[in-house]
$ cat data06.cif   # mmCIF, C-alpha atoms and all ligand atoms
data_target
#
loop_
_atom_site.label_atom_id
_atom_site.label_comp_id
_atom_site.auth_asym_id
_atom_site.auth_seq_id
_atom_site.Cartn_x
_atom_site.Cartn_y
_atom_site.Cartn_z
CA MET A 1 0.00 0.00 0.00
CA ASP A 2 1.12 3.49 -0.74
CA PHE A 3 1.49 5.47 2.44
CA LYS A 4 3.86 7.42 4.59
CA ALA A 5 5.06 5.11 7.35
CA HIS A 6 5.13 6.59 10.84
CA ILE A 7 6.38 3.47 12.57
CA LYS A 8 8.50 0.73 11.03
CA ILE A 9 8.68 -2.49 12.96
CA LYS A 10 11.55 -4.71 11.80
CA ASP A 11 12.05 -8.29 12.90
CA LEU A 12 10.69 -7.64 16.35
CA ASN A 13 10.98 -10.59 18.73
CA VAL A 14 9.85 -10.69 22.35
CA TRP A 15 10.48 -13.49 24.82
CA TYR A 16 9.12 -13.85 28.33
CA GLU A 17 11.68 -16.12 29.95
CA ARG A 18 12.03 -18.81 27.30
CA HIS A 19 8.61 -18.40 25.78
CA LYS A 20 8.58 -16.46 22.53
CA THR A 21 5.53 -14.22 22.38
CA LEU A 22 6.31 -12.20 19.24
CA ASN A 23 8.02 -13.84 16.32
CA ASN A 24 9.90 -11.72 13.77
CA ILE A 25 7.20 -9.13 13.32
CA SER A 26 7.95 -6.81 10.41
CA VAL A 27 5.38 -4.26 9.34
CA GLU A 28 4.94 -0.56 8.70
CA ILE A 29 2.26 1.58 10.30
CA PRO A 30 0.84 4.47 8.28
CA GLU A 31 0.83 8.02 9.55
CA LYS A 32 -2.48 9.63 10.56
CA LYS A 33 -4.58 6.55 9.99
CA ILE A 34 -6.23 4.07 12.30
CA THR A 35 -4.37 0.77 12.20
CA ALA A 36 -6.21 -2.04 13.93
CA ILE A 37 -4.05 -4.90 15.11
CA ILE A 38 -6.45 -7.78 15.35
CA VAL A 39 -5.27 -10.46 17.70
CA PRO A 40 -7.19 -13.31 19.30
CA SER A 41 -7.00 -13.14 23.13
CA GLY A 42 -3.75 -13.98 24.85
CA CYS A 43 -1.77 -13.83 21.62
CA GLY A 44 0.32 -10.76 22.39
CA LYS A 45 -1.74 -7.57 21.94
CA THR A 46 -0.53 -5.88 25.10
CA THR A 47 3.01 -7.17 24.54
CA LEU A 48 3.17 -5.62 21.08
CA LEU A 49 1.83 -2.25 22.23
CA LYS A 50 4.19 -2.11 25.17
CA ALA A 51 7.09 -2.99 22.87
CA LEU A 52 6.25 0.11 20.84
CA ASN A 53 6.79 2.56 23.71
CA ARG A 54 9.28 0.48 25.71
CA LEU A 55 6.93 -0.02 28.65
CA ILE A 56 7.72 -3.68 28.15
CA GLU A 57 11.15 -3.19 29.65
CA LEU A 58 9.56 -2.66 33.03
CA GLN A 59 8.64 -6.34 33.09
CA ASP A 60 10.89 -9.00 34.54
CA ASN A 61 12.44 -11.69 32.41
CA VAL A 62 11.65 -10.06 29.13
CA ARG A 63 14.01 -10.06 26.15
CA ILE A 64 13.52 -7.92 23.08
CA GLU A 65 15.28 -8.08 19.73
CA GLY A 66 14.70 -6.12 16.57
CA ASN A 67 13.97 -2.55 15.62
CA VAL A 68 11.08 -0.18 16.06
CA ILE A 69 11.69 2.95 14.04
CA VAL A 70 9.57 5.97 14.84
CA ASP A 71 10.16 9.14 12.84
CA ASN A 72 13.35 7.59 11.46
CA GLU A 73 14.82 6.88 14.87
CA ASP A 74 15.18 3.43 16.43
CA ILE A 75 13.44 3.63 19.80
CA TYR A 76 15.67 0.87 21.16
CA SER A 77 18.86 2.77 20.42
CA GLN A 78 20.89 3.97 23.41
CA LYS A 79 20.40 7.59 22.43
CA VAL A 80 16.64 7.66 22.80
CA GLU A 81 15.30 9.38 25.86
CA ILE A 82 12.46 7.39 27.33
CA THR A 83 10.44 10.33 28.68
CA GLN A 84 10.46 11.98 25.26
CA LEU A 85 9.48 8.72 23.62
CA ARG A 86 6.56 8.18 26.00
CA LYS A 87 5.47 11.77 25.37
CA LYS A 88 5.35 11.01 21.69
CA MET A 89 3.20 7.94 22.26
CA GLY A 90 0.13 8.08 24.47
CA LEU A 91 -1.20 4.77 25.77
CA LEU A 92 -4.85 4.11 26.46
CA SER A 93 -5.21 0.91 28.46
CA GLN A 94 -7.72 -1.88 28.48
CA LYS A 95 -9.05 -0.76 31.86
CA PRO A 96 -8.98 2.97 32.54
CA GLN A 97 -6.13 3.68 34.92
CA VAL A 98 -6.74 7.04 36.51
CA LEU A 99 -4.11 8.37 38.86
CA PRO A 100 -5.15 8.55 42.55
CA MET A 101 -5.59 12.31 42.49
CA SER A 102 -8.10 14.91 41.36
CA ILE A 103 -9.57 15.16 37.88
CA TYR A 104 -7.60 18.34 37.34
CA GLU A 105 -4.31 16.82 38.50
CA ASN A 106 -4.79 13.80 36.25
CA VAL A 107 -4.72 16.01 33.18
CA ALA A 108 -2.13 18.48 34.51
CA TYR A 109 0.22 15.66 35.51
CA GLY A 110 1.89 15.14 32.12
CA PRO A 111 2.34 18.81 31.19
CA LYS A 112 3.82 19.42 34.68
CA ILE A 113 6.33 16.60 34.21
CA HIS A 114 7.31 18.16 30.93
CA GLY A 115 8.07 21.46 32.63
CA ILE A 116 4.92 23.60 32.49
CA LYS A 117 4.58 25.44 35.81
CA ASP A 118 2.36 28.43 35.04
CA LYS A 119 -0.96 27.86 36.86
CA LYS A 120 -3.05 29.79 34.37
CA LEU A 121 -1.57 27.91 31.45
CA LEU A 122 -2.10 24.59 33.20
CA ALA A 123 -5.75 25.47 33.84
CA GLN A 124 -6.17 26.27 30.15
CA ILE A 125 -4.55 23.00 29.13
CA VAL A 126 -6.77 21.01 31.50
CA GLU A 127 -9.91 22.66 30.15
CA LYS A 128 -8.84 22.23 26.53
CA TYR A 129 -8.18 18.52 26.80
CA LEU A 130 -11.17 17.74 28.99
CA LYS A 131 -13.24 19.39 26.26
CA GLU A 132 -11.38 17.45 23.59
CA ALA A 133 -12.20 14.23 25.45
CA GLY A 134 -15.86 15.26 25.78
CA LEU A 135 -15.73 15.36 29.57
CA TRP A 136 -15.62 19.06 30.44
CA ASN A 137 -19.32 19.67 30.83
CA GLU A 138 -19.76 16.67 33.08
CA VAL A 139 -16.90 17.52 35.43
CA LYS A 140 -16.33 21.27 35.34
CA ASN A 141 -18.02 21.77 38.71
CA ARG A 142 -16.03 19.10 40.50
CA ILE A 143 -12.71 19.37 38.81
CA HIS A 144 -10.79 19.14 42.08
CA GLY A 145 -12.73 16.10 43.21
CA PRO A 146 -11.17 12.63 43.07
CA ALA A 147 -10.92 11.03 39.63
CA SER A 148 -11.71 7.64 41.10
CA LYS A 149 -15.33 8.73 41.72
CA LEU A 150 -16.02 9.01 37.98
CA SER A 151 -17.88 6.28 36.13
CA ILE A 152 -15.76 3.84 34.12
CA GLY A 153 -16.71 5.51 30.84
CA GLN A 154 -15.81 8.92 32.27
CA GLN A 155 -12.54 7.53 33.61
CA GLN A 156 -11.60 6.28 30.15
CA ARG A 157 -12.31 9.72 28.68
CA LEU A 158 -10.19 11.24 31.47
CA CYS A 159 -7.35 8.89 30.51
CA LEU A 160 -7.74 10.06 26.93
CA ALA A 161 -7.59 13.71 28.06
CA ARG A 162 -4.50 12.92 30.13
CA GLY A 163 -2.86 11.25 27.14
CA LEU A 164 -3.70 14.07 24.74
CA ALA A 165 -2.51 16.76 27.17
CA VAL A 166 1.15 15.91 26.50
CA GLU A 167 0.51 16.36 22.78
CA PRO A 168 1.59 12.96 21.51
CA GLU A 169 1.99 12.05 17.85
CA ILE A 170 0.81 8.51 18.27
CA ILE A 171 -2.04 7.02 20.26
CA LEU A 172 -1.64 3.42 21.30
CA ALA A 173 -4.94 1.95 22.41
CA ASP A 174 -5.18 -1.46 24.05
CA GLU A 175 -8.77 -2.66 23.64
CA PRO A 176 -9.87 0.76 24.87
CA THR A 177 -13.57 0.00 24.83
CA SER A 178 -13.67 -3.53 26.21
CA ALA A 179 -14.49 -2.38 29.76
CA LEU A 180 -17.01 0.25 28.67
CA ASP A 181 -20.78 0.38 28.26
CA PRO A 182 -22.00 0.55 24.63
CA VAL A 183 -22.62 4.31 24.68
CA SER A 184 -19.16 5.16 26.03
CA ALA A 185 -17.63 2.64 23.64
CA LYS A 186 -19.33 4.24 20.67
CA TRP A 187 -18.20 7.65 21.83
CA ILE A 188 -14.55 6.51 21.96
CA GLU A 189 -14.79 4.94 18.51
CA GLU A 190 -16.17 8.13 17.03
CA LYS A 191 -13.50 10.14 18.80
CA PHE A 192 -10.82 7.96 17.20
CA LEU A 193 -12.22 8.71 13.75
CA GLU A 194 -11.76 12.37 14.53
CA LEU A 195 -8.34 11.97 16.15
CA ARG A 196 -6.82 10.27 13.14
CA ASN A 197 -6.76 13.62 11.37
CA LYS A 198 -4.05 14.67 13.78
CA TYR A 199 -2.58 11.49 15.22
CA THR A 200 -1.43 8.07 14.16
CA VAL A 201 -3.75 5.68 15.97
CA ILE A 202 -2.88 2.06 16.72
CA LEU A 203 -5.74 0.09 18.11
CA VAL A 204 -5.23 -3.45 19.30
CA THR A 205 -8.43 -5.33 19.54
CA HIS A 206 -9.92 -8.78 19.22
CA SER A 207 -13.16 -7.19 18.03
CA LEU A 208 -13.65 -7.61 14.33
CA ASP A 209 -16.73 -5.43 14.39
CA GLN A 210 -14.84 -2.56 15.90
CA ALA A 211 -12.05 -2.91 13.36
CA LYS A 212 -14.60 -3.03 10.55
CA ARG A 213 -16.21 0.15 11.82
CA ILE A 214 -13.13 2.30 12.20
CA ALA A 215 -9.88 0.80 10.86
CA ASP A 216 -8.15 2.09 7.74
CA TYR A 217 -5.49 -0.55 7.88
CA VAL A 218 -5.44 -3.99 9.47
CA ILE A 219 -2.72 -6.25 10.83
CA PHE A 220 -3.67 -9.79 11.82
CA LEU A 221 -1.47 -11.55 14.38
CA TYR A 222 -1.88 -15.08 15.60
CA MET A 223 0.27 -17.01 18.08
CA GLY A 224 3.00 -14.40 17.85
CA ASN A 225 3.19 -14.52 14.07
CA LEU A 226 2.13 -11.79 11.72
CA ILE A 227 -0.26 -13.58 9.41
CA GLU A 228 -1.46 -10.82 7.13
CA TYR A 229 -1.71 -7.06 6.79
CA GLY A 230 -3.18 -4.54 4.39
CA PRO A 231 -5.91 -1.96 3.84
CA ALA A 232 -8.96 -2.81 5.96
CA ALA A 233 -11.32 -3.09 3.00
CA GLN A 234 -9.04 -5.59 1.30
CA ILE A 235 -8.43 -7.74 4.37
CA PHE A 236 -12.12 -7.91 5.26
CA ARG A 237 -13.36 -8.51 1.74
CA ASN A 238 -10.63 -10.71 0.42
CA PRO A 239 -8.19 -12.13 2.98
CA LYS A 240 -5.25 -13.89 1.40
CA TYR A 241 -4.39 -16.54 3.95
CA ILE A 242 -6.39 -19.32 5.52
CA LYS A 243 -5.93 -18.31 9.17
CA THR A 244 -7.17 -14.78 8.53
CA LYS A 245 -10.13 -16.22 6.68
CA SER A 246 -10.98 -18.63 9.50
CA TYR A 247 -10.88 -15.84 12.09
CA LEU A 248 -13.00 -13.52 9.95
CA ASP A 249 -15.53 -16.30 9.41
CA GLY A 250 -15.67 -16.98 13.16
CA ARG A 251 -14.21 -20.45 12.72
CA LEU A 252 -11.59 -22.11 14.87
CA ILE A 253 -8.08 -21.42 13.65
CA GLU A 254 -6.47 -24.77 13.01
CA ASP A 255 -2.85 -25.68 12.46
CA ILE A 256 -2.16 -26.46 8.85
CA LYS A 257 -1.69 -30.19 8.29
CA VAL A 258 1.47 -30.67 6.29
CA ASP A 259 1.82 -33.69 3.98
CA ARG A 260 5.34 -33.03 2.82
CA GLU A 261 8.14 -30.79 3.97
CA LEU A 262 10.94 -29.52 1.78
CA ASP A 263 13.92 -27.69 3.24
CA LEU A 264 15.35 -25.50 0.49
CA ARG A 265 17.65 -23.41 2.60
CA ARG A 266 21.06 -23.06 0.99
CA THR A 267 19.52 -24.02 -2.35
CA THR A 268 19.99 -21.49 -5.10
CA GLY A 269 18.19 -19.93 -8.04
CA ASN A 270 16.19 -22.11 -10.36
CA ASP A 271 16.83 -25.21 -8.26
CA ILE A 272 14.39 -23.84 -5.68
CA PHE A 273 11.60 -23.55 -8.23
CA ALA A 274 12.36 -26.90 -9.84
CA LYS A 275 12.47 -28.79 -6.54
CA ALA A 276 9.32 -27.16 -5.19
CA LYS A 277 7.41 -27.85 -8.39
CA TYR A 278 8.50 -31.48 -8.56
CA ALA A 279 7.44 -31.92 -4.94
CA MET A 280 4.02 -30.45 -5.80
CA GLU A 281 3.68 -32.90 -8.64
CA GLU A 282 4.12 -35.84 -6.32
CA LEU A 283 1.33 -34.70 -4.00
CA ALA A 284 -2.33 -35.56 -4.43
CA ILE A 285 -4.81 -32.74 -4.95
CA GLY A 286 -5.70 -31.22 -1.58
CA GLN A 287 -2.39 -32.12 0.04
CA VAL A 288 -0.08 -29.50 1.51
CA LEU A 289 3.61 -28.85 0.92
CA LYS A 290 5.68 -26.84 3.37
CA VAL A 291 8.77 -25.24 1.86
CA ILE A 292 11.48 -23.67 3.99
CA ILE A 293 13.49 -21.01 2.24
CA ASP A 294 16.22 -18.66 3.43
CA HIS A 295 15.67 -15.78 1.11
CA GLU A 296 12.76 -13.36 1.40
CA GLN A 297 12.47 -12.39 -2.22
CA THR A 298 12.64 -15.94 -3.47
CA GLY A 299 9.90 -16.86 -1.00
CA GLU A 300 7.63 -14.26 -2.57
CA GLU A 301 8.53 -15.27 -6.10
CA LEU A 302 7.92 -18.93 -5.32
CA SER A 303 4.52 -18.14 -3.82
CA ARG A 304 3.55 -16.16 -6.90
CA SER A 305 4.79 -18.80 -9.27
CA LEU A 306 2.90 -21.63 -7.53
CA GLU A 307 -0.24 -19.53 -7.37
CA HIS A 308 0.15 -18.86 -11.04
CA ASP A 309 0.15 -22.64 -11.54
CA GLY A 310 -3.24 -22.75 -9.80
CA HIS A 311 -2.20 -23.77 -6.28
CA LYS A 312 -3.16 -22.01 -3.08
CA VAL A 313 -0.63 -20.42 -0.73
CA LEU A 314 -2.17 -20.97 2.71
CA GLU A 315 0.35 -19.14 4.83
CA VAL A 316 3.82 -17.60 4.81
CA ILE A 317 5.60 -17.40 8.17
CA ARG A 318 8.75 -15.42 8.92
CA LYS A 319 10.82 -17.73 11.07
CA SER A 320 13.81 -15.41 11.29
CA LYS A 321 15.31 -12.44 9.46
CA THR A 322 16.02 -14.69 6.51
CA ASP A 323 13.95 -17.87 6.85
CA ARG A 324 10.42 -18.22 5.52
CA GLU A 325 8.02 -21.13 5.73
CA VAL A 326 5.62 -21.26 2.81
CA PHE A 327 2.58 -23.57 3.02
CA ILE A 328 1.04 -24.49 -0.33
CA LYS A 329 -2.02 -26.57 -1.04
CA LYS A 330 -2.11 -28.48 -4.29
CA GLN A 331 -5.20 -27.54 -6.25
CA THR A 332 -4.57 -28.69 -9.80
CA ALA A 333 -2.86 -31.63 -11.40
CA THR A 334 -0.60 -29.61 -13.69
CA VAL A 335 2.35 -31.51 -15.06
CA TYR A 336 5.32 -29.22 -15.23
CA GLU A 337 7.74 -29.16 -18.07
CA ILE A 338 10.98 -28.04 -16.56
N1 LIG A 401 5.32 -10.61 32.29
C1 LIG A 401 5.07 -11.77 31.66
N2 LIG A 401 5.75 -12.90 31.99
C2 LIG A 401 5.53 -14.07 31.37
N3 LIG A 401 4.61 -14.24 30.41
C3 LIG A 401 3.88 -13.17 30.03
C4 LIG A 401 4.06 -11.89 30.65
N4 LIG A 401 3.18 -11.01 30.07
C5 LIG A 401 2.50 -11.72 29.13
N5 LIG A 401 2.92 -13.01 29.11
C6 LIG A 401 2.42 -14.07 28.20
O1 LIG A 401 2.57 -13.65 26.85
C7 LIG A 401 1.43 -13.97 26.07
C8 LIG A 401 0.83 -12.72 25.44
O2 LIG A 401 0.37 -11.86 26.47
P1 LIG A 401 -0.34 -10.46 26.20
O3 LIG A 401 -0.75 -9.90 27.51
O4 LIG A 401 0.53 -9.65 25.34
O5 LIG A 401 -1.61 -10.94 25.37
P2 LIG A 401 -2.97 -10.18 25.04
O6 LIG A 401 -3.28 -10.52 23.63
O7 LIG A 401 -2.85 -8.74 25.41
O8 LIG A 401 -3.97 -10.92 26.04
P3 LIG A 401 -5.44 -10.43 26.54
O9 LIG A 401 -6.36 -10.72 25.41
O10 LIG A 401 -5.66 -11.31 27.71
O11 LIG A 401 -5.33 -8.97 26.90
C9 LIG A 401 0.49 -14.70 27.00
O12 LIG A 401 0.67 -16.08 26.81
C10 LIG A 401 0.94 -14.28 28.39
O13 LIG A 401 0.68 -15.27 29.33
MG MG A 402 -4.01 -7.50 26.74
#

$ encode --input "data06.cif" --output "structure tokens" --more "lines below"
Ligand SMILES: Nc1ncnc2c1ncn2[C@@H]1O[C@H](COP(=O)(O)OP(=O)(O)OP(=O)(O)O)[C@@H](O)[C@H]1O
Ligand SMILES: [Mg+2]
Amino acid sequence: MDFKAHIKIKDLNVWYERHKTLNNISVEIPEKKITAIIVPSGCGKTTLLKALNRLIELQDNVRIEGNVIVDNEDIYSQKVEITQLRKKMGLLSQKPQVLPMSIYENVAYGPKIHGIKDKKLLAQIVEKYLKEAGLWNEVKNRIHGPASKLSIGQQQRLCLARGLAVEPEIILADEPTSALDPVSAKWIEEKFLELRNKYTVILVTHSLDQAKRIADYVIFLYMGNLIEYGPAAQIFRNPKYIKTKSYLDGRLIEDIKVDRELDLRRTTGNDIFAKAKYAMEELAIGQVLKVIIDHEQTGEELSRSLEHDGHKVLEVIRKSKTDREVFIKKQTATVYEI
């Protein structure tokens, strides 16, 4: 897709102790659009978001490898200042997490940390962002009262105001409506549609309906692997791979049953195509070949070539920087002349 990338994720891996939760994720996130990262529960939504603003480092036993490039700077480089990075990226959590202080102080907190001391200016900022988050009218008469007394929907809007008050470029939202009533949820969704004019919004969600309503761009992750990504309309109308299709159809995502495996690492040029095509010939229609390849471009060319022959590429998994696993289902009985 043609777009200006705001964030480039390159071969991002995350382990908790010895368990790998994210596996060689490489994808670009467009600027000033809503990107929905659709992930079934427990598959790494929160992990991915926290890896984008380095909150993940606060966890024990976590290991991160790879690059996350924001505005042309790798956020994992030594030079990056964490406070500045967090300012750039506001995080809206699954459950609203208001600070144990007044409504006013919740919003003033960030600007104060970033050096604003003038009381009048702070009051203006608080009012501006409470209005922006649609909360001002409801709270203007009790602005110095405790934030914890607000309803959950109001608390989430307060968290949004708090996030916006530091003027971020990117809004990271972790299932921001899952704890909310339908009216508050709808309000947040509509707010996001407005916010994308000014901010890059990344929304992780397991809700297909929500993604269908508001996403411009969709990334589908499953079991730590990036399965598929692209413009929302294309992914929803015409998903390329079988796991995306199963999830969209509300079916169980099953492991692909492999009938034959072919390791073509360290194989070169035309040999790759010849060997893969001969292996396809030996399979019965409906059977699946898994090819392992250690060259990205060849992986793509092989997929295209086999699809051109009438077979179906079910999945392509990035196993490492170089290695790809391509799963192909035989669909026709073509005899190749090589
Ligand atoms: N600090 C940690 N230590 C060990 N394992 C962890 C830790 N945090 C998360 N995990 C594991 O990593 C996997 C992904 O977790 P994560 O919280 O990112 O998923 P999620 O998609 O946000 O889940 P949910 O839908 O429940 O919010 C899970 O298997 C989880 O148990
Ligand atoms: Mg989560």

$ residues_around --input "data06.cif" --residues "A:Lys95" --least-positions-apart "3" --cutoff "10 Å" --atoms "only C-alpha atoms" --output "list in words"
Leu92, Val98, Ile152, Gly153, Gln155, Gln156, Cys159, Asp174, Glu175, Pro176, Thr177, Ser178, Ala179 and Leu180 of chain A

$ closest_residue --input "data06.cif" --among "A:Gln78, A:Ser305, A:Val204, A:Leu193" --to "ligand MG 402 (chain A)" --atoms "all atoms listed in the file"
A:Val204

$ closest_residue --input "data06.cif" --among "A:Leu262, A:Leu203, A:Ala161, A:Ile34" --to "ligand LIG 401 (chain A)" --atoms "all atoms listed in the file"
A:Leu203

$ closest_atom_pairs --input "data06.cif" --of "chain A" --to "ligand MG 402 (chain A)" --cutoff "10 Å" --atoms "all atoms listed in the file" --output "JSON lines"
{"residue": "A:Val39", "atom": "CA", "partner": "A:MG402", "partner_atom": "MG", "distance": 9.6}
{"residue": "A:Pro40", "atom": "CA", "partner": "A:MG402", "partner_atom": "MG", "distance": 10.0}
{"residue": "A:Ser41", "atom": "CA", "partner": "A:MG402", "partner_atom": "MG", "distance": 7.3}
{"residue": "A:Gly42", "atom": "CA", "partner": "A:MG402", "partner_atom": "MG", "distance": 6.8}
{"residue": "A:Cys43", "atom": "CA", "partner": "A:MG402", "partner_atom": "MG", "distance": 8.4}
{"residue": "A:Gly44", "atom": "CA", "partner": "A:MG402", "partner_atom": "MG", "distance": 6.9}
{"residue": "A:Lys45", "atom": "CA", "partner": "A:MG402", "partner_atom": "MG", "distance": 5.3}
{"residue": "A:Thr46", "atom": "CA", "partner": "A:MG402", "partner_atom": "MG", "distance": 4.2}
{"residue": "A:Thr47", "atom": "CA", "partner": "A:MG402", "partner_atom": "MG", "distance": 7.4}
{"residue": "A:Leu48", "atom": "CA", "partner": "A:MG402", "partner_atom": "MG", "distance": 9.3}
{"residue": "A:Leu49", "atom": "CA", "partner": "A:MG402", "partner_atom": "MG", "distance": 9.1}
{"residue": "A:Lys50", "atom": "CA", "partner": "A:MG402", "partner_atom": "MG", "distance": 9.9}
{"residue": "A:Ser93", "atom": "CA", "partner": "A:MG402", "partner_atom": "MG", "distance": 8.7}
{"residue": "A:Gln94", "atom": "CA", "partner": "A:MG402", "partner_atom": "MG", "distance": 7.0}
{"residue": "A:Lys95", "atom": "CA", "partner": "A:MG402", "partner_atom": "MG", "distance": 9.9}
{"residue": "A:Asp174", "atom": "CA", "partner": "A:MG402", "partner_atom": "MG", "distance": 6.7}
{"residue": "A:Glu175", "atom": "CA", "partner": "A:MG402", "partner_atom": "MG", "distance": 7.5}
{"residue": "A:Val204", "atom": "CA", "partner": "A:MG402", "partner_atom": "MG", "distance": 8.6}
{"residue": "A:Thr205", "atom": "CA", "partner": "A:MG402", "partner_atom": "MG", "distance": 8.7}
{"residue": "A:His206", "atom": "CA", "partner": "A:MG402", "partner_atom": "MG", "distance": 9.6}

$ closest_residue --input "data06.cif" --among "A:Lys240, A:Arg324, A:Arg63, A:Lys257" --to "ligand LIG 401 (chain A)" --atoms "all atoms listed in the file"
A:Arg63

$ closest_residue --input "data06.cif" --among "A:Arg260, A:Arg318, A:Lys329, A:Lys140" --to "A:Lys10" --atoms "all atoms listed in the file"
A:Arg318

$ atom_distance --input "data06.cif" --atom1 "atom N1 of ligand LIG 401 (chain A)" --atom2 "atom CA of A:Val62"
7.1 Å

$ closest_residue --input "data06.cif" --among "A:Ile116, A:Tyr217, A:Ile171, A:Ser184" --to "A:Lys198" --atoms "all atoms listed in the file"
A:Ile171

$ atom_distance --input "data06.cif" --atom1 "atom CA of A:Ile292" --atom2 "atom CA of A:Glu261"
7.9 Å

$ atom_distance --input "data06.cif" --atom1 "atom N2 of ligand LIG 401 (chain A)" --atom2 "atom CA of A:Asn61"
6.8 Å

$ axis_aligned_box --input "data06.cif" --around "ligand LIG 401 (chain A)" --padding-each-side "3 Å" --output "AutoDock Vina command-line options"
--center_x -0.3 --center_y -12.4 --center_z 28.0 --size_x 18.1 --size_y 13.3 --size_z 14.7

$ closest_residue --input "data06.cif" --among "A:Tyr16, A:Tyr247, A:Tyr109, A:Tyr222" --to "ligand LIG 401 (chain A)" --atoms "all atoms listed in the file"
A:Tyr16
